[in-house]
file final_25.txt (compact mmCIF, C-alpha atoms)
# COMPACT_ATOMS: atom_id res chain seq x y z
CA MET N 1 -8.49 -2.11 -11.27
CA THR N 2 -6.50 0.62 -9.48
CA ALA N 3 -9.70 2.68 -9.38
CA LEU N 4 -10.86 0.31 -6.64
CA VAL N 5 -7.88 1.23 -4.45
CA ARG N 6 -7.86 4.31 -2.24
CA LYS N 7 -5.95 7.15 -3.88
CA CYS N 8 -3.58 7.58 -0.96
CA ILE N 9 -2.64 3.88 -1.20
CA GLN N 10 -2.07 4.16 -4.95
CA LYS N 11 0.36 7.03 -4.42
CA MET N 12 2.28 5.75 -1.41
CA ALA N 13 5.46 3.71 -1.33
CA ALA N 14 5.23 0.63 0.86
CA TYR N 15 7.51 -0.07 3.81
CA VAL N 16 10.55 -2.10 2.74
CA PRO N 17 11.61 -4.64 5.37
CA GLY N 18 15.13 -6.01 5.62
CA GLU N 19 16.08 -8.79 3.24
CA GLN N 20 15.37 -12.34 4.41
CA PRO N 21 17.61 -14.65 2.35
CA SER N 22 16.85 -18.36 2.03
CA ASP N 23 20.53 -19.37 1.87
CA PRO N 24 21.54 -20.64 5.34
CA GLY N 25 25.17 -19.79 4.58
CA VAL N 26 24.52 -16.04 4.60
CA ILE N 27 25.76 -14.10 7.64
CA LYS N 28 22.71 -12.03 8.44
CA LEU N 29 23.53 -8.75 10.20
CA ASN N 30 20.85 -6.64 8.54
CA THR N 31 17.61 -6.92 10.53
CA ASN N 32 18.70 -6.69 14.20
CA GLU N 33 17.63 -10.22 15.01
CA ASN N 34 19.09 -11.86 18.09
CA PRO N 35 21.87 -14.28 17.03
CA TYR N 36 21.13 -16.63 19.95
CA PRO N 37 18.15 -18.97 20.47
CA PRO N 38 15.20 -18.13 22.72
CA SER N 39 14.92 -19.37 26.28
CA PRO N 40 14.78 -23.16 26.76
CA ALA N 41 11.50 -22.47 28.55
CA VAL N 42 10.08 -21.24 25.24
CA MET N 43 11.15 -24.42 23.49
CA ARG N 44 9.55 -26.55 26.23
CA ALA N 45 6.33 -24.56 25.87
CA LEU N 46 6.43 -25.10 22.12
CA GLY N 47 6.57 -28.85 22.67
CA GLN N 48 3.40 -28.68 24.77
CA ILE N 49 1.27 -27.09 22.03
CA ASN N 50 -1.11 -29.70 20.64
CA GLY N 51 -3.93 -29.99 18.14
CA ASP N 52 -6.64 -29.52 20.73
CA MET N 53 -5.17 -26.15 21.68
CA LEU N 54 -4.94 -25.06 18.06
CA ARG N 55 -8.51 -25.94 17.14
CA ARG N 56 -9.81 -23.47 19.70
CA TYR N 57 -9.79 -19.69 19.53
CA PRO N 58 -7.21 -18.03 21.76
CA ASP N 59 -8.01 -15.83 24.74
CA PRO N 60 -8.98 -12.51 23.08
CA GLU N 61 -7.78 -10.55 26.12
CA CYS N 62 -4.47 -12.43 26.60
CA LYS N 63 -5.12 -12.44 30.36
CA ALA N 64 -2.26 -14.74 31.45
CA LEU N 65 0.32 -12.95 29.32
CA ARG N 66 -0.86 -9.50 30.36
CA SER N 67 -0.76 -10.51 34.01
CA ALA N 68 2.84 -11.70 33.65
CA ILE N 69 3.85 -8.46 31.93
CA ALA N 70 2.06 -6.42 34.59
CA LYS N 71 3.96 -8.30 37.31
CA LEU N 72 7.23 -7.64 35.49
CA HIS N 73 6.62 -3.88 35.37
CA GLY N 74 4.84 -3.42 38.69
CA CYS N 75 1.50 -2.33 37.26
CA SER N 76 -2.02 -3.72 36.82
CA PRO N 77 -3.08 -5.88 33.84
CA ASP N 78 -5.47 -3.16 32.65
CA GLN N 79 -2.39 -1.03 31.98
CA VAL N 80 -1.05 -3.65 29.55
CA PHE N 81 -2.01 -4.38 25.93
CA THR N 82 -0.58 -7.23 23.86
CA GLY N 83 -0.37 -7.48 20.10
CA ASN N 84 0.99 -9.14 17.00
CA GLY N 85 4.47 -7.61 17.22
CA GLY N 86 5.42 -3.99 17.65
CA ASP N 87 4.26 -3.07 14.15
CA GLU N 88 0.63 -3.96 14.90
CA LEU N 89 0.78 -1.85 18.04
CA LEU N 90 2.10 1.12 16.06
CA ALA N 91 -0.64 0.71 13.45
CA LEU N 92 -3.33 0.46 16.13
CA CYS N 93 -2.09 3.70 17.67
CA SER N 94 -2.47 5.46 14.32
CA ARG N 95 -6.07 4.17 14.08
CA THR N 96 -6.96 4.91 17.68
CA PHE N 97 -5.46 8.29 18.53
CA VAL N 98 -5.49 10.30 15.27
CA GLU N 99 -8.55 11.98 13.74
CA ASP N 100 -8.88 12.16 9.96
CA ASP N 101 -7.68 15.77 10.03
CA GLY N 102 -4.94 14.99 12.53
CA THR N 103 -1.15 14.79 12.40
CA ILE N 104 1.40 12.06 13.05
CA ALA N 105 4.95 13.19 13.83
CA TYR N 106 8.28 11.45 14.35
CA PHE N 107 12.01 12.10 14.28
CA GLU N 108 14.00 11.76 11.07
CA PRO N 109 15.88 9.52 10.59
CA SER N 110 14.03 6.91 12.59
CA TYR N 111 11.93 3.82 11.92
CA SER N 112 10.85 4.12 8.30
CA LEU N 113 7.45 2.54 9.02
CA TYR N 114 6.21 5.71 10.75
CA PRO N 115 5.60 7.81 7.61
CA VAL N 116 4.04 4.77 5.93
CA LEU N 117 1.50 4.50 8.75
CA ALA N 118 0.62 8.17 8.28
CA ARG N 119 0.10 7.65 4.54
CA ILE N 120 -2.11 4.63 5.13
CA ARG N 121 -4.29 6.75 7.40
CA ASP N 122 -4.07 9.60 4.84
CA VAL N 123 -3.29 12.14 7.55
CA ARG N 124 -0.64 14.83 7.79
CA SER N 125 2.83 13.73 8.78
CA ARG N 126 5.58 15.85 10.24
CA ALA N 127 9.22 14.75 10.35
CA VAL N 128 11.44 16.45 12.92
CA CYS N 129 14.96 16.32 11.53
CA LEU N 130 17.58 15.28 14.06
CA ASP N 131 20.80 17.25 14.44
CA LYS N 132 23.98 16.48 12.48
CA ASP N 133 25.07 14.03 15.18
CA PHE N 134 21.54 12.56 15.29
CA SER N 135 20.71 14.13 18.65
CA TRP N 136 17.64 16.32 19.26
CA PRO N 137 17.80 19.56 17.25
CA ASP N 138 16.20 21.74 19.95
CA THR N 139 14.87 21.63 23.49
CA PRO N 140 12.20 18.98 24.10
CA GLU N 141 9.64 21.63 25.02
CA ARG N 142 10.10 23.61 21.80
CA ILE N 143 10.02 20.49 19.63
CA ALA N 144 6.77 19.31 21.23
CA SER N 145 5.24 22.77 20.90
CA ARG N 146 6.15 23.10 17.21
CA CYS N 147 4.92 19.61 16.30
CA SER N 148 1.46 19.94 17.80
CA ALA N 149 0.84 16.32 16.76
CA ASN N 150 -2.03 14.04 17.74
CA LEU N 151 0.47 11.18 17.82
CA PHE N 152 4.25 11.27 18.10
CA TYR N 153 6.30 8.12 17.48
CA MET N 154 9.62 8.15 19.33
CA THR N 155 11.97 5.19 19.02
CA ASN N 156 14.19 5.18 22.09
CA PRO N 157 16.89 3.99 21.73
CA ASN N 158 16.53 5.26 18.19
CA ALA N 159 16.85 3.23 15.03
CA PRO N 160 18.84 3.32 12.85
CA THR N 161 21.21 5.54 14.86
CA GLY N 162 21.33 3.57 18.12
CA ARG N 163 21.21 6.71 20.27
CA LEU N 164 19.41 6.76 23.62
CA TYR N 165 17.65 10.04 24.33
CA PRO N 166 18.12 11.28 27.93
CA LYS N 167 15.15 10.34 30.08
CA ARG N 168 14.79 13.86 31.46
CA ASP N 169 14.36 15.16 27.88
CA VAL N 170 11.81 12.48 27.06
CA LEU N 171 9.86 13.40 30.20
CA SER N 172 9.88 17.11 29.28
CA PHE N 173 8.76 16.28 25.75
CA CYS N 174 5.86 14.11 26.95
CA LYS N 175 4.69 16.71 29.46
CA LYS N 176 4.64 19.43 26.79
CA SER N 177 2.99 17.29 24.09
CA LYS N 178 -0.75 17.76 23.59
CA GLY N 179 -1.25 14.42 21.85
CA VAL N 180 -0.26 10.83 22.57
CA VAL N 181 3.46 10.05 22.71
CA VAL N 182 4.39 6.48 21.82
CA ILE N 183 7.86 5.59 23.07
CA ASP N 184 8.94 2.63 20.97
CA GLU N 185 11.38 0.71 23.18
CA ALA N 186 12.07 -2.22 20.85
CA TYR N 187 15.78 -2.13 21.77
CA VAL N 188 15.60 -0.99 25.38
CA ASP N 189 16.86 -4.22 26.94
CA PHE N 190 20.28 -3.34 25.50
CA ALA N 191 20.14 0.18 26.98
CA ALA N 192 21.12 1.80 30.27
CA GLU N 193 17.63 3.06 31.14
CA ASN N 194 13.98 2.87 30.08
CA CYS N 195 10.80 4.94 30.26
CA ILE N 196 8.26 2.45 31.62
CA ASP N 197 7.71 4.63 34.69
CA LEU N 198 6.76 7.59 32.45
CA ALA N 199 4.03 5.52 30.80
CA LEU N 200 2.70 4.54 34.21
CA ARG N 201 2.41 8.09 35.55
CA LEU N 202 1.71 10.31 32.52
CA LYS N 203 -1.76 10.47 30.95
CA ASN N 204 -0.59 10.78 27.34
CA THR N 205 2.33 8.33 27.14
CA LEU N 206 2.59 4.72 26.00
CA VAL N 207 5.69 2.53 26.00
CA LEU N 208 5.87 -0.23 23.39
CA ARG N 209 8.04 -3.32 23.77
CA SER N 210 8.86 -6.10 21.32
CA LEU N 211 9.86 -9.71 21.96
CA SER N 212 11.71 -9.79 18.65
CA LYS N 213 15.10 -8.51 19.79
CA SER N 214 16.17 -9.32 23.33
CA TYR N 215 13.88 -12.35 23.65
CA SER N 216 15.02 -13.90 20.33
CA LEU N 217 11.44 -14.20 19.06
CA ALA N 218 11.38 -12.17 15.83
CA GLY N 219 9.70 -15.09 14.09
CA LEU N 220 6.88 -15.22 16.64
CA ARG N 221 5.47 -11.68 16.27
CA ALA N 222 4.57 -10.64 19.80
CA GLY N 223 4.78 -7.30 21.54
CA TYR N 224 3.05 -5.22 24.17
CA ALA N 225 2.20 -1.70 25.29
CA VAL N 226 2.18 -0.29 28.81
CA GLY N 227 0.42 2.92 29.76
CA PRO N 228 -2.64 4.67 31.18
CA LYS N 229 -5.77 2.56 31.56
CA GLU N 230 -7.77 4.90 29.32
CA LEU N 231 -5.35 4.59 26.38
CA ILE N 232 -5.03 0.83 26.82
CA ALA N 233 -8.83 0.47 26.88
CA ALA N 234 -9.05 2.44 23.63
CA LEU N 235 -6.59 0.06 21.94
CA PHE N 236 -8.82 -2.86 22.92
CA LYS N 237 -11.66 -1.22 20.99
CA THR N 238 -9.69 -1.02 17.73
CA LYS N 239 -7.77 -4.31 17.74
CA ASP N 240 -8.73 -7.41 15.78
CA SER N 241 -10.88 -9.88 17.70
CA TYR N 242 -8.05 -12.38 18.19
CA ASN N 243 -4.91 -10.42 17.43
CA LEU N 244 -2.46 -12.74 19.22
CA ASP N 245 -2.83 -16.43 18.49
CA ARG N 246 -2.78 -19.19 21.09
CA ALA N 247 0.75 -20.37 20.25
CA ALA N 248 2.14 -16.85 20.40
CA GLN N 249 0.51 -16.23 23.78
CA CYS N 250 1.91 -19.48 25.16
CA LEU N 251 5.48 -18.91 23.94
CA ALA N 252 5.53 -15.20 24.82
CA LEU N 253 4.41 -16.06 28.36
CA ALA N 254 7.29 -18.53 28.74
CA ALA N 255 9.76 -15.94 27.49
CA ILE N 256 8.50 -13.18 29.79
CA ARG N 257 8.75 -15.48 32.80
CA ASP N 258 12.40 -16.32 32.09
CA GLN N 259 13.96 -12.92 32.73
CA PRO N 260 17.37 -14.29 33.84
CA TYR N 261 17.91 -15.93 30.44
CA MET N 262 16.96 -12.79 28.53
CA ARG N 263 19.15 -10.56 30.71
CA ALA N 264 22.17 -12.84 30.31
CA ASN N 265 21.61 -12.93 26.57
CA ALA N 266 21.39 -9.13 26.41
CA ARG N 267 24.64 -8.75 28.40
CA ARG N 268 26.36 -11.08 25.97
CA ILE N 269 25.25 -8.96 23.01
CA ILE N 270 26.25 -5.73 24.77
CA ALA N 271 29.76 -7.11 25.27
CA THR N 272 30.03 -8.06 21.58
CA ARG N 273 28.67 -4.63 20.64
CA ALA N 274 31.49 -2.96 22.53
CA ARG N 275 34.05 -5.17 20.84
CA LEU N 276 32.60 -4.46 17.38
CA ALA N 277 32.49 -0.71 17.95
CA GLY N 278 36.10 -0.69 19.16
CA ALA N 279 37.29 -2.77 16.22
CA LEU N 280 35.55 -0.50 13.70
CA GLN N 281 36.93 2.63 15.35
CA SER N 282 40.44 1.18 15.22
CA ILE N 283 40.26 1.04 11.41
CA GLY N 284 38.93 4.57 11.08
CA PHE N 285 35.17 4.08 11.14
CA LEU N 286 32.98 6.65 12.87
CA THR N 287 30.53 4.89 15.19
CA LEU N 288 27.78 6.51 17.21
CA PRO N 289 27.28 5.52 20.85
CA SER N 290 24.88 2.58 20.68
CA GLU N 291 22.33 1.46 23.27
CA THR N 292 20.85 -1.15 20.93
CA ASN N 293 21.85 -4.49 19.41
CA PHE N 294 23.37 -2.80 16.36
CA ILE N 295 26.06 -0.29 15.42
CA TRP N 296 25.47 2.80 13.26
CA ALA N 297 28.82 3.23 11.48
CA LYS N 298 30.34 5.50 8.85
CA PRO N 299 33.06 3.61 6.94
CA ALA N 300 36.54 5.00 6.32
CA LYS N 301 38.18 5.25 2.88
CA ILE N 302 35.17 3.68 1.17
CA SER N 303 31.56 4.70 0.70
CA ALA N 304 28.90 2.99 2.76
CA LYS N 305 27.15 1.73 -0.36
CA ALA N 306 30.36 0.27 -1.81
CA LEU N 307 31.13 -1.51 1.45
CA PHE N 308 27.53 -2.76 1.65
CA LEU N 309 27.87 -4.27 -1.84
CA GLY N 310 31.32 -5.67 -1.10
CA LEU N 311 30.09 -7.44 2.00
CA ARG N 312 27.04 -8.69 0.15
CA ARG N 313 29.27 -10.34 -2.45
CA ARG N 314 30.87 -12.19 0.45
CA ASN N 315 27.46 -13.37 1.74
CA ILE N 316 27.43 -10.90 4.62
CA LEU N 317 24.30 -8.76 4.83
CA VAL N 318 24.19 -5.41 6.64
CA ARG N 319 21.60 -2.64 6.21
CA TYR N 320 22.08 0.34 3.91
CA PHE N 321 19.55 3.20 3.75
CA ASP N 322 19.86 5.35 0.63
CA GLY N 323 18.58 8.62 2.09
CA SER N 324 20.13 12.06 2.30
CA ARG N 325 20.77 11.71 6.03
CA THR N 326 21.66 8.03 6.06
CA ARG N 327 23.58 7.16 2.88
CA ASP N 328 27.00 7.60 4.50
CA TYR N 329 26.31 5.00 7.19
CA LEU N 330 25.69 1.29 7.59
CA ARG N 331 23.57 -0.33 10.28
CA ILE N 332 25.32 -3.47 11.45
CA SER N 333 23.47 -5.91 13.72
CA VAL N 334 25.48 -7.48 16.51
CA GLY N 335 25.95 -11.15 15.68
CA THR N 336 27.83 -13.94 17.39
CA GLU N 337 31.54 -13.55 18.11
CA GLU N 338 32.27 -15.81 15.13
CA GLN N 339 30.07 -13.75 12.81
CA ILE N 340 31.77 -10.54 13.93
CA ASP N 341 35.16 -12.14 13.26
CA MET N 342 34.07 -12.93 9.70
CA LEU N 343 32.64 -9.45 9.22
CA LEU N 344 35.85 -7.73 10.35
CA LYS N 345 37.95 -10.05 8.20
CA ALA N 346 35.82 -9.23 5.14
CA ILE N 347 36.05 -5.47 5.80
CA ALA N 348 39.85 -5.74 6.12
CA GLU N 349 40.04 -7.64 2.83
CA ILE N 350 37.89 -5.06 1.04
CA GLN N 351 39.96 -2.18 2.40
CA SER N 352 43.18 -3.97 1.42
CA ARG N 353 42.04 -4.50 -2.17
CA LEU N 354 40.97 -0.89 -2.39
CA ALA N 355 44.33 0.35 -1.07
CA LYS N 356 46.29 -1.83 -3.49
CA GLY N 357 44.06 -1.05 -6.44
CA SER N 358 43.77 -4.79 -7.04
CA PRO N 359 40.42 -5.93 -8.42
CA SER N 360 38.91 -9.29 -7.55
CA LYS N 361 38.25 -12.07 -10.09
CA ASN N 362 34.97 -10.50 -11.15
CA GLY N 363 36.68 -7.22 -12.03
CA ASN N 364 35.66 -5.05 -9.09
CA PHE N 365 37.61 -3.95 -6.04
CA PHE N 366 35.17 -5.15 -3.46
call {"tool": "encode", "arguments": {"input": "final_25.txt", "output": "structure tokens"}}
result
Amino acid sequence: MTALVRKCIQKMAAYVPGEQPSDPGVIKLNTNENPYPPSPAVMRALGQINGDMLRRYPDPECKALRSAIAKLHGCSPDQVFTGNGGDELLALCSRTFVEDDGTIAYFEPSYSLYPVLARIRDVRSRAVCLDKDFSWPDTPERIASRCSANLFYMTNPNAPTGRLYPKRDVLSFCKKSKGVVVIDEAYVDFAAENCIDLALRLKNTLVLRSLSKSYSLAGLRAGYAVGPKELIAALFKTKDSYNLDRAAQCLALAAIRDQPYMRANARRIIATRARLAGALQSIGFLTLPSETNFIWAKPAKISAKALFLGLRRRNILVRYFDGSRTRDYLRISVGTEEQIDMLLKAIAEIQSRLAKGSPSKNGNFF
């Protein structure tokens, strides 16, 4: 039966999302979800959804939601595109802006979906390796010139490293790039600055936003793009007929309209992020400056994989990436204060057992 499947699909490895355990007792710090509930306005909107609404097709153009997003960012609705989460937007960009003989480029390490999207399209991919400290390896102009990509995915702040690239460098990169630059700002509400204004004044730049992180709506699957009218119009040509369902449009609209709640929530997570980073540094961990809702940390006196497994045995999930550039680090989502307390306690216990050479009941040290 594999003969019926495209050869490039047969050969490729699929994207591996973070683990979603069914046990409610697990402390889940592995997928950068918001530990706090969405706005009460979202829950009120959910209660207003009825059967009559669900039997009808949704607005294919998401007019009300796009208008609210346009108002938020000071642009016109025809500069806004909405979709089924950030991942759909990324996939649509690969379908819309890259010819069959084209190239998709991205930084490495970054979001591991990017090379998968290139393989699905069966086009060339080009990974630009970040420097040892995960900053840009060269000037923005030279990187853009060397890539010569039809589409460049740039997560900013970056994942899994948490770094925010300076806006002046992003601007220089976009100006020099010959193709479309997609600035994936999934984590930007936890950052000091954003690039929305670049998408509104440059002809080749799109900014993507997700409601999964700062709006606490990872289970909803809603996101949007802001950019030039011509690029937005092209995305409308390649999207599914009804790519954002009626319930998602209704709840996303309520979330977008309640900016004070989201901002307060983000500030709360930023404060916990600072506490977590300081606590990890105090026990010898190396942590990169984070502008996201997670910490990229290199453990002390224990390998990242061993600590990942030790925490897992204690029902605490963090993210481990077994790659040449990432295997020494863990990505730890910022949870509630109580979850962070339990995480730090577990790390201290693991380090103590390791120092004493005292195995646990199951015969291992972690």
call {"tool": "closest_residue", "arguments": {"input": "final_25.txt", "among": "N:Cys93, N:Ala255, N:Val207, N:Leu307", "to": "Ser39 (chain N)", "atoms": "all atoms listed in the file"}}
result
N:Ala255
call {"tool": "residues_near_point", "arguments": {"input": "final_25.txt", "point": "(0.4, -9.0, 34.2)", "cutoff": "12 Å", "atoms": "all atoms listed in the file", "output": "PyMOL selection string"}}
result
chain N and resi 61-82+224-226+253+256-257
call {"tool": "closest_residue", "arguments": {"input": "final_25.txt", "among": "N:Lys176, N:Arg201, N:Arg325, N:Arg273", "to": "Cys129 (chain N)", "atoms": "only C-alpha atoms"}}
result
N:Arg325
call {"tool": "atom_distance", "arguments": {"input": "final_25.txt", "atom1": "CA of Lys301 (chain N)", "atom2": "CA of Leu330 (chain N)"}}
result
13.9 Å
call {"tool": "atom_distance", "arguments": {"input": "final_25.txt", "atom1": "CA of Val182 (chain N)", "atom2": "CA of Ser214 (chain N)"}}
result
19.8 Å
call {"tool": "closest_residue", "arguments": {"input": "final_25.txt", "among": "N:Asn315, N:Thr287, N:Ser94, N:Thr161", "to": "Val116 (chain N)", "atoms": "all atoms listed in the file"}}
result
N:Ser94
call {"tool": "closest_residue", "arguments": {"input": "final_25.txt", "among": "N:Ser216, N:Gln259, N:Thr336, N:Gln281", "to": "Trp296 (chain N)", "atoms": "only C-alpha atoms"}}
result
N:Gln281
call {"tool": "residues_around", "arguments": {"input": "final_25.txt", "residues": "Arg275 (chain N)", "least_positions_apart": "6", "cutoff": "10 Å", "atoms": "all atoms listed in the file", "output": "count of residues only"}}
result
5
call {"tool": "closest_residue", "arguments": {"input": "final_25.txt", "among": "N:Ala186, N:Leu113, N:Ala254, N:Leu311", "to": "Lys213 (chain N)", "atoms": "only C-alpha atoms"}}
result
N:Ala186
call {"tool": "residues_around", "arguments": {"input": "final_25.txt", "residues": "Leu211 (chain N)", "least_positions_apart": "6", "cutoff": "7 Å", "atoms": "only C-alpha atoms", "output": "MDAnalysis selection string"}}
result
chainID N and resid 217:218 222:223
call {"tool": "atom_distance", "arguments": {"input": "final_25.txt", "atom1": "CA of Asp184 (chain N)", "atom2": "CA of Leu130 (chain N)"}}
result
16.8 Å
call {"tool": "residues_around", "arguments": {"input": "final_25.txt", "residues": "Pro289 (chain N)", "least_positions_apart": "3", "cutoff": "9 Å", "atoms": "all atoms listed in the file", "output": "VMD selection string"}}
result
chain N and resid 161 to 164 277 295 to 296
call {"tool": "residues_near_point", "arguments": {"input": "final_25.txt", "point": "(2.7, 11.0, 24.3)", "cutoff": "8 Å", "atoms": "only C-alpha atoms", "output": "mmCIF file with C-alpha atoms, in the coordinates of the input"}}
result
data_model
loop_
_atom_site.group_PDB
_atom_site.id
_atom_site.type_symbol
_atom_site.label_atom_id
_atom_site.label_comp_id
_atom_site.auth_asym_id
_atom_site.auth_seq_id
_atom_site.Cartn_x
_atom_site.Cartn_y
_atom_site.Cartn_z
ATOM 1 C CA LEU N 151 0.470 11.180 17.820
ATOM 2 C CA PHE N 152 4.250 11.270 18.100
ATOM 3 C CA CYS N 174 5.860 14.110 26.950
ATOM 4 C CA LYS N 175 4.690 16.710 29.460
ATOM 5 C CA SER N 177 2.990 17.290 24.090
ATOM 6 C CA LYS N 178 -0.750 17.760 23.590
ATOM 7 C CA GLY N 179 -1.250 14.420 21.850
ATOM 8 C CA VAL N 180 -0.260 10.830 22.570
ATOM 9 C CA VAL N 181 3.460 10.050 22.710
ATOM 10 C CA VAL N 182 4.390 6.480 21.820
ATOM 11 C CA ILE N 183 7.860 5.590 23.070
ATOM 12 C CA ASN N 204 -0.590 10.780 27.340
ATOM 13 C CA THR N 205 2.330 8.330 27.140
ATOM 14 C CA LEU N 206 2.590 4.720 26.000
#
call {"tool": "closest_residue", "arguments": {"input": "final_25.txt", "among": "N:Arg124, N:Arg263, N:Arg119, N:Arg146", "to": "Pro38 (chain N)", "atoms": "all atoms listed in the file"}}
result
N:Arg263
call {"tool": "residues_around", "arguments": {"input": "final_25.txt", "residues": "region 45-51 of chain N", "least_positions_apart": "6", "cutoff": "7 Å", "atoms": "only C-alpha atoms", "output": "list in words"}}
result
Ala247, Cys250, Leu251 and Ala254 of chain N
call {"tool": "decode", "arguments": {"input": "final_25.txt", "residues": "region 205-224 of chain N", "atoms": "N, CA and C atoms", "output": "PDB file, in the first residue's frame"}}
result
ATOM      1  N   THR N 205       6.886  40.700   4.549  1.00  0.00           N
ATOM      2  CA  THR N 205       6.944  40.223   5.933  1.00  0.00           C
ATOM      3  C   THR N 205       5.562  39.979   6.510  1.00  0.00           C
ATOM      4  N   LEU N 206       5.400  38.812   7.125  1.00  0.00           N
ATOM      5  CA  LEU N 206       4.196  38.458   7.863  1.00  0.00           C
ATOM      6  C   LEU N 206       4.556  38.195   9.319  1.00  0.00           C
ATOM      7  N   VAL N 207       3.689  38.591  10.230  1.00  0.00           N
ATOM      8  CA  VAL N 207       3.827  38.224  11.634  1.00  0.00           C
ATOM      9  C   VAL N 207       2.689  37.275  11.984  1.00  0.00           C
ATOM     10  N   LEU N 208       3.032  36.157  12.604  1.00  0.00           N
ATOM     11  CA  LEU N 208       2.045  35.168  13.029  1.00  0.00           C
ATOM     12  C   LEU N 208       1.894  35.223  14.543  1.00  0.00           C
ATOM     13  N   ARG N 209       0.677  35.137  15.000  1.00  0.00           N
ATOM     14  CA  ARG N 209       0.378  35.098  16.440  1.00  0.00           C
ATOM     15  C   ARG N 209      -0.509  33.883  16.739  1.00  0.00           C
ATOM     16  N   SER N 210      -0.356  33.368  17.942  1.00  0.00           N
ATOM     17  CA  SER N 210      -1.150  32.229  18.404  1.00  0.00           C
ATOM     18  C   SER N 210      -1.923  32.621  19.648  1.00  0.00           C
ATOM     19  N   LEU N 211      -3.116  32.052  19.817  1.00  0.00           N
ATOM     20  CA  LEU N 211      -3.867  32.259  21.050  1.00  0.00           C
ATOM     21  C   LEU N 211      -3.615  31.143  22.059  1.00  0.00           C
ATOM     22  N   SER N 212      -2.673  30.261  21.734  1.00  0.00           N
ATOM     23  CA  SER N 212      -2.422  29.094  22.580  1.00  0.00           C
ATOM     24  C   SER N 212      -1.693  29.435  23.868  1.00  0.00           C
ATOM     25  N   LYS N 213      -0.778  30.393  23.820  1.00  0.00           N
ATOM     26  CA  LYS N 213       0.097  30.643  24.962  1.00  0.00           C
ATOM     27  C   LYS N 213      -0.468  31.711  25.897  1.00  0.00           C
ATOM     28  N   SER N 214      -0.357  32.957  25.518  1.00  0.00           N
ATOM     29  CA  SER N 214      -0.740  34.033  26.430  1.00  0.00           C
ATOM     30  C   SER N 214      -2.241  34.109  26.679  1.00  0.00           C
ATOM     31  N   TYR N 215      -3.060  33.612  25.745  1.00  0.00           N
ATOM     32  CA  TYR N 215      -4.505  33.657  25.912  1.00  0.00           C
ATOM     33  C   TYR N 215      -5.073  32.383  26.551  1.00  0.00           C
ATOM     34  N   SER N 216      -4.221  31.425  26.867  1.00  0.00           N
ATOM     35  CA  SER N 216      -4.647  30.178  27.528  1.00  0.00           C
ATOM     36  C   SER N 216      -5.634  29.371  26.701  1.00  0.00           C
ATOM     37  N   LEU N 217      -5.439  29.348  25.373  1.00  0.00           N
ATOM     38  CA  LEU N 217      -6.398  28.676  24.491  1.00  0.00           C
ATOM     39  C   LEU N 217      -5.727  27.637  23.590  1.00  0.00           C
ATOM     40  N   ALA N 218      -4.766  26.897  24.131  1.00  0.00           N
ATOM     41  CA  ALA N 218      -4.082  25.876  23.327  1.00  0.00           C
ATOM     42  C   ALA N 218      -5.059  24.812  22.832  1.00  0.00           C
ATOM     43  N   GLY N 219      -6.097  24.539  23.607  1.00  0.00           N
ATOM     44  CA  GLY N 219      -7.071  23.529  23.205  1.00  0.00           C
ATOM     45  C   GLY N 219      -8.057  24.003  22.164  1.00  0.00           C
ATOM     46  N   LEU N 220      -8.058  25.287  21.864  1.00  0.00           N
ATOM     47  CA  LEU N 220      -9.020  25.852  20.913  1.00  0.00           C
ATOM     48  C   LEU N 220      -8.530  25.784  19.478  1.00  0.00           C
ATOM     49  N   ARG N 221      -7.234  26.001  19.265  1.00  0.00           N
ATOM     50  CA  ARG N 221      -6.608  26.063  17.950  1.00  0.00           C
ATOM     51  C   ARG N 221      -7.087  27.285  17.173  1.00  0.00           C
ATOM     52  N   ALA N 222      -6.527  28.419  17.512  1.00  0.00           N
ATOM     53  CA  ALA N 222      -6.814  29.659  16.796  1.00  0.00           C
ATOM     54  C   ALA N 222      -5.557  30.510  16.742  1.00  0.00           C
ATOM     55  N   GLY N 223      -5.331  31.120  15.597  1.00  0.00           N
ATOM     56  CA  GLY N 223      -4.182  32.001  15.431  1.00  0.00           C
ATOM     57  C   GLY N 223      -4.457  32.971  14.302  1.00  0.00           C
ATOM     58  N   TYR N 224      -3.529  33.897  14.087  1.00  0.00           N
ATOM     59  CA  TYR N 224      -3.739  34.863  13.013  1.00  0.00           C
ATOM     60  C   TYR N 224      -2.417  35.373  12.474  1.00  0.00           C
TER      61      TYR N 224
END
